[in-house]
>>> print(open('final11.txt').read())   # compact mmCIF, C-alpha atoms
# COMPACT_ATOMS: atom_id res chain seq x y z
CA MET A 283 -26.79 6.29 -27.25
CA THR A 284 -24.59 4.21 -29.56
CA ASN A 285 -22.07 7.01 -29.94
CA ALA A 286 -22.04 7.56 -26.20
CA THR A 287 -21.39 3.93 -25.40
CA HIS A 288 -18.71 3.80 -28.10
CA ALA A 289 -17.01 6.59 -26.15
CA LEU A 290 -16.73 4.23 -23.20
CA GLY A 291 -14.68 1.80 -25.30
CA LEU A 292 -16.90 -1.16 -24.42
CA GLY A 293 -17.92 -4.25 -26.39
CA ASP A 294 -21.38 -4.87 -27.87
CA ARG A 295 -22.78 -6.60 -24.81
CA GLU A 296 -21.22 -4.08 -22.44
CA ARG A 297 -22.62 -1.23 -24.52
CA ARG A 298 -26.14 -2.51 -24.01
CA LEU A 299 -25.57 -2.59 -20.25
CA ALA A 300 -23.48 0.57 -19.86
CA ALA A 301 -26.23 3.19 -19.68
CA PRO A 302 -28.47 1.55 -17.04
CA THR A 303 -25.39 0.53 -15.04
CA LEU A 304 -24.16 4.13 -14.97
CA TRP A 305 -27.58 5.37 -13.87
CA ILE A 306 -27.91 2.80 -11.11
CA HIS A 307 -24.40 3.30 -9.79
CA GLY A 308 -24.62 7.06 -9.91
CA LEU A 309 -28.02 7.32 -8.27
CA LEU A 310 -27.24 4.79 -5.53
CA ALA A 311 -23.87 6.39 -4.77
CA ALA A 312 -25.50 9.82 -4.61
CA LEU A 313 -28.24 8.45 -2.35
CA THR A 314 -25.87 6.78 0.13
CA PHE A 315 -23.52 9.77 0.39
CA ALA A 316 -26.47 12.16 0.75
CA THR A 317 -27.84 9.90 3.50
CA ALA A 318 -24.51 10.08 5.33
CA ALA A 319 -24.54 13.88 5.06
CA ILE A 320 -28.11 14.18 6.33
CA ILE A 321 -27.45 11.82 9.25
CA THR A 322 -24.38 13.83 10.24
CA VAL A 323 -26.19 17.18 10.52
CA ALA A 324 -29.77 16.13 11.32
CA LEU A 325 -29.12 13.88 14.32
CA PRO A 326 -27.36 15.13 17.46
CA ASP A 327 -24.04 13.67 18.57
CA VAL A 328 -23.96 11.71 21.82
CA VAL A 329 -20.54 13.28 22.45
CA PRO A 330 -19.27 16.28 20.44
CA TRP A 331 -16.49 15.46 18.01
CA GLY A 332 -16.13 18.55 15.84
CA SER A 333 -16.05 19.10 12.04
CA ALA A 334 -19.51 17.58 11.57
CA GLY A 335 -20.57 20.43 9.28
CA LEU A 336 -17.43 20.08 7.16
CA PHE A 337 -17.94 16.33 6.83
CA ALA A 338 -21.58 16.83 5.81
CA ALA A 339 -20.52 19.40 3.22
CA LEU A 340 -17.92 17.03 1.75
CA THR A 341 -20.26 14.04 1.57
CA GLY A 342 -23.02 16.24 0.15
CA ALA A 343 -20.67 17.55 -2.52
CA ALA A 344 -19.70 13.97 -3.35
CA ALA A 345 -23.37 13.02 -3.66
CA LEU A 346 -23.94 15.90 -6.07
CA ALA A 347 -20.89 14.90 -8.12
CA PHE A 348 -22.11 11.29 -8.40
CA LEU A 349 -25.53 12.52 -9.45
CA VAL A 350 -23.96 14.58 -12.23
CA LEU A 351 -21.80 11.63 -13.30
CA ALA A 352 -24.89 9.44 -13.57
CA PHE A 353 -26.11 11.64 -16.43
CA THR A 354 -22.78 12.55 -18.06
CA ALA A 355 -20.39 9.60 -17.58
CA ASN A 356 -21.42 8.10 -20.95
CA HIS A 357 -19.60 10.98 -22.61
CA LEU A 358 -16.49 10.99 -20.41
CA GLY A 359 -14.56 8.05 -21.87
CA ARG A 360 -12.03 6.80 -19.34
CA ILE A 361 -13.82 8.49 -16.44
CA GLY A 362 -17.03 6.77 -17.47
CA ARG A 363 -15.32 3.36 -17.59
CA GLY A 364 -13.87 3.97 -14.15
CA PHE A 365 -17.27 4.96 -12.84
CA VAL A 366 -18.80 1.73 -14.17
CA HIS A 367 -16.02 -0.32 -12.56
CA TYR A 368 -15.87 1.41 -9.17
CA GLY A 369 -19.55 2.25 -8.87
CA PRO A 370 -20.40 -0.60 -6.45
CA TRP A 371 -17.49 0.44 -4.24
CA LEU A 372 -18.75 4.03 -4.13
CA VAL A 373 -22.19 2.81 -3.10
CA ALA A 374 -20.70 0.59 -0.40
CA ILE A 375 -18.49 3.40 0.95
CA GLY A 376 -21.46 5.76 1.21
CA ALA A 377 -23.55 3.15 3.03
CA TRP A 378 -20.63 2.37 5.34
CA LEU A 379 -20.16 6.05 6.22
CA ALA A 380 -23.85 6.38 7.08
CA LEU A 381 -23.80 3.23 9.24
CA TRP A 382 -20.53 4.35 10.84
CA GLU A 383 -22.05 7.68 11.83
CA LEU A 384 -25.12 6.03 13.34
CA THR A 385 -23.29 3.46 15.44
CA THR A 386 -20.68 5.86 16.86
CA ALA A 387 -21.65 9.54 17.00
CA LYS A 388 -25.44 9.31 16.91
CA PHE A 389 -26.44 6.24 18.96
CA GLY A 390 -23.21 5.67 20.88
CA TRP A 391 -23.27 1.90 20.41
CA LEU A 392 -19.51 2.09 19.80
CA PRO A 393 -18.56 4.64 22.45
CA LYS A 394 -15.85 7.25 22.79
CA PRO A 395 -12.86 7.14 23.21
CA PHE A 396 -12.45 3.65 21.79
CA PHE A 397 -14.28 4.39 18.54
CA SER A 398 -14.57 7.50 16.42
CA PRO A 399 -17.11 8.57 13.77
CA PRO A 400 -15.94 9.65 10.32
CA HIS A 401 -16.23 13.35 11.13
CA GLY A 402 -14.13 12.67 14.25
CA LEU A 403 -11.29 11.47 12.02
CA LEU A 404 -11.80 14.50 9.79
CA ASN A 405 -11.55 16.72 12.86
CA VAL A 406 -8.14 15.18 13.63
CA TYR A 407 -6.87 16.19 10.19
CA VAL A 408 -8.27 19.70 10.62
CA THR A 409 -6.94 20.34 14.11
CA ASP A 410 -3.68 18.38 14.03
CA GLY A 411 -2.89 18.46 10.33
CA PRO A 412 0.48 20.28 10.49
CA ARG A 413 1.94 17.85 13.00
CA LEU A 414 0.64 14.89 11.00
CA LEU A 415 2.33 16.25 7.88
CA ILE A 416 5.63 16.48 9.75
CA CYS A 417 5.16 12.91 10.96
CA VAL A 418 4.42 11.73 7.41
CA ALA A 419 7.64 13.37 6.19
CA TYR A 420 9.70 11.69 8.95
CA THR A 421 8.08 8.31 8.29
CA LEU A 422 8.68 8.53 4.54
CA ARG A 423 12.33 9.43 5.16
CA LEU A 424 12.78 6.40 7.42
CA TRP A 425 10.90 4.10 5.05
CA VAL A 426 12.75 5.25 1.91
CA LEU A 427 16.16 4.78 3.56
CA GLY A 428 15.24 1.44 5.14
CA PHE A 429 13.34 -0.07 2.24
CA GLY A 430 15.78 1.26 -0.36
CA SER A 431 18.89 -0.04 1.40
CA GLY A 432 17.12 -3.31 2.21
CA ILE A 433 16.11 -4.14 -1.35
CA VAL A 434 19.51 -3.12 -2.76
CA ALA A 435 21.37 -5.33 -0.28
CA GLY A 436 18.79 -8.11 -0.60
CA TYR A 437 18.91 -8.07 -4.39
CA ALA A 438 22.71 -8.18 -4.48
CA LEU A 439 22.74 -11.01 -1.94
CA GLY A 440 20.06 -12.95 -3.79
CA LEU A 441 21.87 -12.55 -7.10
CA ALA A 442 25.05 -13.91 -5.57
CA LEU A 443 23.22 -16.80 -3.93
CA GLY A 444 21.47 -17.77 -7.15
CA TRP A 445 24.55 -17.41 -9.35
CA SER A 446 27.27 -19.05 -7.25
CA ARG A 447 26.70 -22.56 -5.98
CA ARG A 448 29.61 -22.24 -3.58
CA PHE A 449 28.26 -19.02 -2.11
CA SER A 450 24.78 -20.55 -1.92
CA TYR A 451 26.15 -23.57 -0.07
CA TRP A 452 27.28 -21.37 2.81
CA GLY A 453 24.91 -18.44 2.54
CA MET A 454 21.49 -19.98 1.95
CA PRO A 455 21.33 -21.97 5.24
CA ILE A 456 22.24 -18.83 7.17
CA LEU A 457 19.61 -16.81 5.31
CA LYS A 458 16.96 -19.47 5.95
CA LEU A 459 17.93 -19.44 9.62
CA ILE A 460 17.65 -15.65 9.95
CA GLY A 461 14.62 -15.23 7.66
CA PRO A 462 11.88 -16.63 9.93
CA VAL A 463 13.02 -14.50 12.87
CA PRO A 464 10.89 -11.31 13.11
CA ALA A 465 12.88 -8.19 12.37
CA THR A 466 11.73 -6.63 15.63
CA ALA A 467 13.44 -9.44 17.56
CA TRP A 468 16.80 -7.90 16.60
CA ILE A 469 16.09 -4.65 18.47
CA PRO A 470 18.46 -5.42 21.40
CA VAL A 471 21.27 -6.17 18.94
CA THR A 472 20.68 -2.97 16.98
CA PHE A 473 21.10 -0.85 20.11
CA TYR A 474 24.61 -2.23 20.50
CA PHE A 475 25.77 -1.94 16.89
CA PHE A 476 24.14 1.38 15.94
CA PRO A 477 25.02 4.61 17.72
CA THR A 478 21.64 6.25 17.12
CA THR A 479 18.07 5.04 17.35
CA PHE A 480 17.44 6.31 13.82
CA GLY A 481 20.18 4.06 12.46
CA ALA A 482 18.71 1.14 14.36
CA SER A 483 15.25 1.91 12.95
CA VAL A 484 16.61 2.02 9.38
CA PHE A 485 18.32 -1.34 9.92
CA ILE A 486 15.12 -2.99 11.19
CA VAL A 487 13.11 -1.77 8.18
CA ALA A 488 15.93 -2.81 5.83
CA LEU A 489 16.10 -6.27 7.38
CA ALA A 490 12.34 -6.78 7.08
CA SER A 491 12.32 -5.79 3.40
CA GLY A 492 15.66 -7.24 2.32
CA ILE A 493 15.25 -10.87 3.37
CA PRO A 494 12.23 -11.72 1.14
CA VAL A 495 13.89 -9.92 -1.78
CA ALA A 496 17.08 -11.95 -1.28
CA ILE A 497 15.26 -15.28 -1.04
CA LEU A 498 13.00 -14.68 -4.05
CA THR A 499 15.86 -13.29 -6.16
CA ALA A 500 18.01 -16.31 -5.39
CA ALA A 501 15.12 -18.61 -6.30
CA GLY A 502 14.58 -16.76 -9.58
CA VAL A 503 18.21 -16.84 -10.63
CA SER A 504 18.73 -20.49 -9.70
CA ALA A 505 15.57 -21.51 -11.58
CA ILE A 506 16.91 -20.28 -14.93
CA ASN A 507 17.66 -23.06 -17.38
CA ARG A 508 21.42 -23.64 -17.34
CA ALA A 509 21.31 -24.28 -21.08
CA TYR A 510 20.94 -20.53 -21.61
CA TYR A 511 24.25 -19.94 -19.86
CA ASP A 512 25.94 -22.73 -21.82
CA VAL A 513 24.76 -21.31 -25.13
CA GLY A 514 25.97 -17.85 -24.12
CA ARG A 515 29.41 -19.13 -23.14
CA VAL A 516 29.72 -21.05 -26.42
CA LEU A 517 29.04 -17.77 -28.23
CA GLY A 518 31.74 -16.04 -26.18
CA ALA A 519 29.69 -14.32 -23.47
CA SER A 520 31.45 -13.51 -20.20
CA ASP A 521 29.97 -14.14 -16.76
CA ARG A 522 29.33 -10.42 -16.36
CA TYR A 523 27.39 -10.36 -19.63
CA LEU A 524 25.36 -13.43 -18.66
CA ILE A 525 24.41 -11.87 -15.35
CA ARG A 526 23.30 -8.60 -16.96
CA LYS A 527 21.55 -10.02 -20.01
CA VAL A 528 20.27 -13.41 -18.84
CA ALA A 529 20.15 -13.78 -15.05
CA ILE A 530 18.78 -10.35 -14.13
CA PRO A 531 16.00 -10.09 -16.78
CA ALA A 532 14.84 -13.69 -16.32
CA SER A 533 14.66 -13.38 -12.53
CA LEU A 534 12.65 -10.14 -12.49
CA PRO A 535 9.24 -11.84 -11.97
CA HIS A 536 10.57 -13.47 -8.81
CA VAL A 537 12.23 -10.23 -7.75
CA PHE A 538 8.95 -8.31 -7.89
CA VAL A 539 7.24 -10.94 -5.76
CA GLY A 540 9.97 -10.37 -3.20
CA LEU A 541 9.53 -6.61 -3.50
CA PHE A 542 5.81 -6.83 -2.76
CA MET A 543 6.46 -9.05 0.23
CA GLY A 544 9.23 -6.77 1.47
CA LEU A 545 6.97 -3.76 1.06
CA TYR A 546 4.30 -5.22 3.33
CA TYR A 547 6.86 -6.38 5.89
CA SER A 548 8.57 -2.98 5.94
CA PHE A 549 5.30 -1.18 6.69
CA ALA A 550 4.47 -3.78 9.34
CA VAL A 551 7.67 -3.04 11.30
CA LEU A 552 7.66 0.68 10.55
CA VAL A 553 5.52 1.53 13.56
CA VAL A 554 7.72 -0.52 15.89
CA ALA A 555 10.89 0.96 14.40
CA GLU A 556 9.65 4.47 15.14
CA MET A 557 9.05 3.59 18.77
CA LEU A 558 12.78 3.26 19.44
CA GLY A 559 13.14 6.84 20.60
CA ALA A 560 12.00 8.82 17.57
CA LYS A 561 10.63 12.33 18.16
CA PHE A 562 8.41 12.40 15.09
CA GLY A 563 6.87 9.91 12.70
CA LEU A 564 3.56 8.12 12.34
CA GLY A 565 4.67 5.30 14.62
CA TRP A 566 5.71 7.76 17.29
CA TYR A 567 2.42 9.63 16.84
CA ILE A 568 0.41 6.42 17.33
CA GLN A 569 2.33 5.58 20.50
CA PHE A 570 1.95 9.13 21.83
CA GLN A 571 -1.81 9.30 21.20
CA THR A 572 -2.41 5.80 22.58
CA ALA A 573 -0.82 6.83 25.87
CA TYR A 574 -3.43 9.60 26.19
CA SER A 575 -6.36 7.54 24.84
CA GLY A 576 -6.50 9.61 21.65
CA TYR A 577 -7.86 6.73 19.63
CA ALA A 578 -9.44 8.98 17.01
CA ASN A 579 -5.93 10.27 16.26
CA VAL A 580 -4.68 6.69 16.14
CA TYR A 581 -7.34 5.65 13.62
CA ALA A 582 -6.66 8.76 11.53
CA THR A 583 -2.95 7.87 11.47
CA LEU A 584 -3.64 4.25 10.53
CA LEU A 585 -5.74 5.49 7.62
CA ILE A 586 -2.83 7.64 6.44
CA MET A 587 -0.46 4.67 6.65
CA ALA A 588 -2.91 2.50 4.70
CA LEU A 589 -3.17 5.11 1.96
CA LEU A 590 0.62 5.51 1.81
CA CYS A 591 1.12 1.76 1.52
CA SER A 592 -1.59 1.47 -1.14
CA GLY A 593 -0.02 4.31 -3.13
CA VAL A 594 3.43 2.72 -3.05
CA ILE A 595 1.97 -0.65 -4.06
CA ARG A 596 0.20 0.99 -6.98
CA LEU A 597 3.45 2.65 -8.06
CA LEU A 598 5.28 -0.67 -7.80
CA PHE A 599 2.63 -2.33 -9.98
CA LEU A 600 3.18 0.34 -12.63
CA VAL A 601 6.94 -0.22 -12.55
CA ARG A 602 6.46 -3.99 -12.75
CA ASP A 603 4.10 -3.73 -15.72
CA ARG A 604 6.56 -1.46 -17.51
CA LEU A 605 9.60 -3.68 -16.92
CA LEU A 606 7.79 -6.98 -17.52
CA VAL A 607 5.88 -5.91 -20.60
CA TRP A 608 7.67 -8.70 -22.49
CA GLN A 609 5.64 -11.26 -20.54
CA LYS A 610 2.37 -10.27 -22.18
CA GLY A 611 1.39 -12.96 -24.64
CA PHE A 612 4.33 -15.09 -23.51
CA ILE A 613 3.11 -16.50 -20.19
>>> encode(input="final11.txt", output="structure tokens")
Amino acid sequence: MTNATHALGLGDRERRLAAPTLWIHGLLAALTFATAAIITVALPDVVPWGSAGLFAALTGAAALAFLVLAFTANHLGRIGRGFVHYGPWLVAIGAWLALWELTTAKFGWLPKPFFSPPHGLLNVYVTDGPRLLICVAYTLRLWVLGFGSGIVAGYALGLALGWSRRFSYWGMPILKLIGPVPATAWIPVTFYFFPTTFGASVFIVALASGIPVAILTAAGVSAINRAYYDVGRVLGASDRYLIRKVAIPASLPHVFVGLFMGLYYSFAVLVVAEMLGAKFGLGWYIQFQTAYSGYANVYATLLIMALLCSGVIRLLFLVRDRLLVWQKGFI
């Protein structure tokens, strides 16, 4: 057992608790997912949704996998550590799926069409998967163009505001005046200045993501101790060198705070931006399905958007940790 717990990379106290923790997490996760599978196939649906057998097969397979992990995770190193950490979440998800099935498909306490069971969402992916994939591609194209152009413009603006006091004197009041206004409030203006609805949608997403980046970047640059600049100039550094080697690196913590804020804001306005006449996209799909009371399709689309946003946030965390590795042990 000692060798197995050493494989998990845990301390002495954690090693004593690792084995029973793995067993408990694995068995409870297997039990809750197996319960969800049994409920799905054993009890009749109040209203047919489709894909119940597929959902039961997937949750049953997950239950079997968790049962195997309960006996083998001690020898799986990083996988075992992850299982110890996320075990309670796996148990909670299994219990939630079982409760979700009971309250919607089996008892009808949350009725159709306003609520959908888990296998109803799965049925949406099975039956309408190709169109959803096209919508995901269109949404990612809009988001990449809008968010990318927004953070580039916002970062350049924030750098100028934080570096130049004269520019900040005129620019910062205007930015503070525009910042609190929701990006969607500029929709009438975008129709006049942009010839296509796609261009207007890109501008709205860029505006939502660029303003927090500009404000936080300006705050980060202006907060740098001016003595650093004075020392650099005494040693012969030019303004360009000071911006590249002092202002930009020192302001990166503030910049990433602005990036995270801009990321959330951009996803918040993404649905509205795609309602400006787009023919595809997740926002368009939500609007289309809502008009026909296809709420299961709406919930399935919202789940996709949540996963996309979570994935981008995770990627941004990795980039931040790589670029700000110098902060470890310093702050």
>>> closest_atom_pairs(input="final11.txt", of="range 400-505 of chain A", to="range 527-540 of chain A", cutoff="6 Å", atoms="only C-alpha atoms", output="tab-separated table")
residue	atom	partner	partner_atom	distance
A:Pro494	CA	A:Gly540	CA	5.1
A:Val495	CA	A:Gly540	CA	4.2
A:Leu498	CA	A:Gly540	CA	5.3
A:Thr499	CA	A:Val537	CA	5.0
A:Gly502	CA	A:Ser533	CA	4.5
A:Val503	CA	A:Ser533	CA	5.3
>>> closest_residue(input="final11.txt", among="A:Leu439, A:Leu564, A:Ile586, A:Ala509", to="Leu524 in chain A", atoms="all atoms listed in the file")
A:Ala509
>>> residues_around(input="final11.txt", residues="Val323 in chain A", least_positions_apart="4", cutoff="8 Å", atoms="all atoms listed in the file", output="PyMOL selection string")
chain A and resi 319+334-335+338
>>> write_last_selection(input="final11.txt", atoms="C-alpha atoms", output="PDB file, keeping the file's coordinate frame")
ATOM      1  CA  ALA A 319     -24.540  13.880   5.060  1.00  0.00           C
ATOM      2  CA  ALA A 334     -19.510  17.580  11.570  1.00  0.00           C
ATOM      3  CA  GLY A 335     -20.570  20.430   9.280  1.00  0.00           C
ATOM      4  CA  ALA A 338     -21.580  16.830   5.810  1.00  0.00           C
TER       5      ALA A 338
END
>>> atom_distance(input="final11.txt", atom1="CA of Leu403 in chain A", atom2="CA of Ile595 in chain A")
24.1 Å
>>> residues_around(input="final11.txt", residues="Gly376 in chain A", least_positions_apart="5", cutoff="7 Å", atoms="all atoms listed in the file", output="PyMOL selection string")
chain A and resi 311+314-315+318
>>> residues_around(input="final11.txt", residues="range 405-410 of chain A", least_positions_apart="6", cutoff="7 Å", atoms="only C-alpha atoms", output="MDAnalysis selection string")
chainID A and resid 332:333 579 582
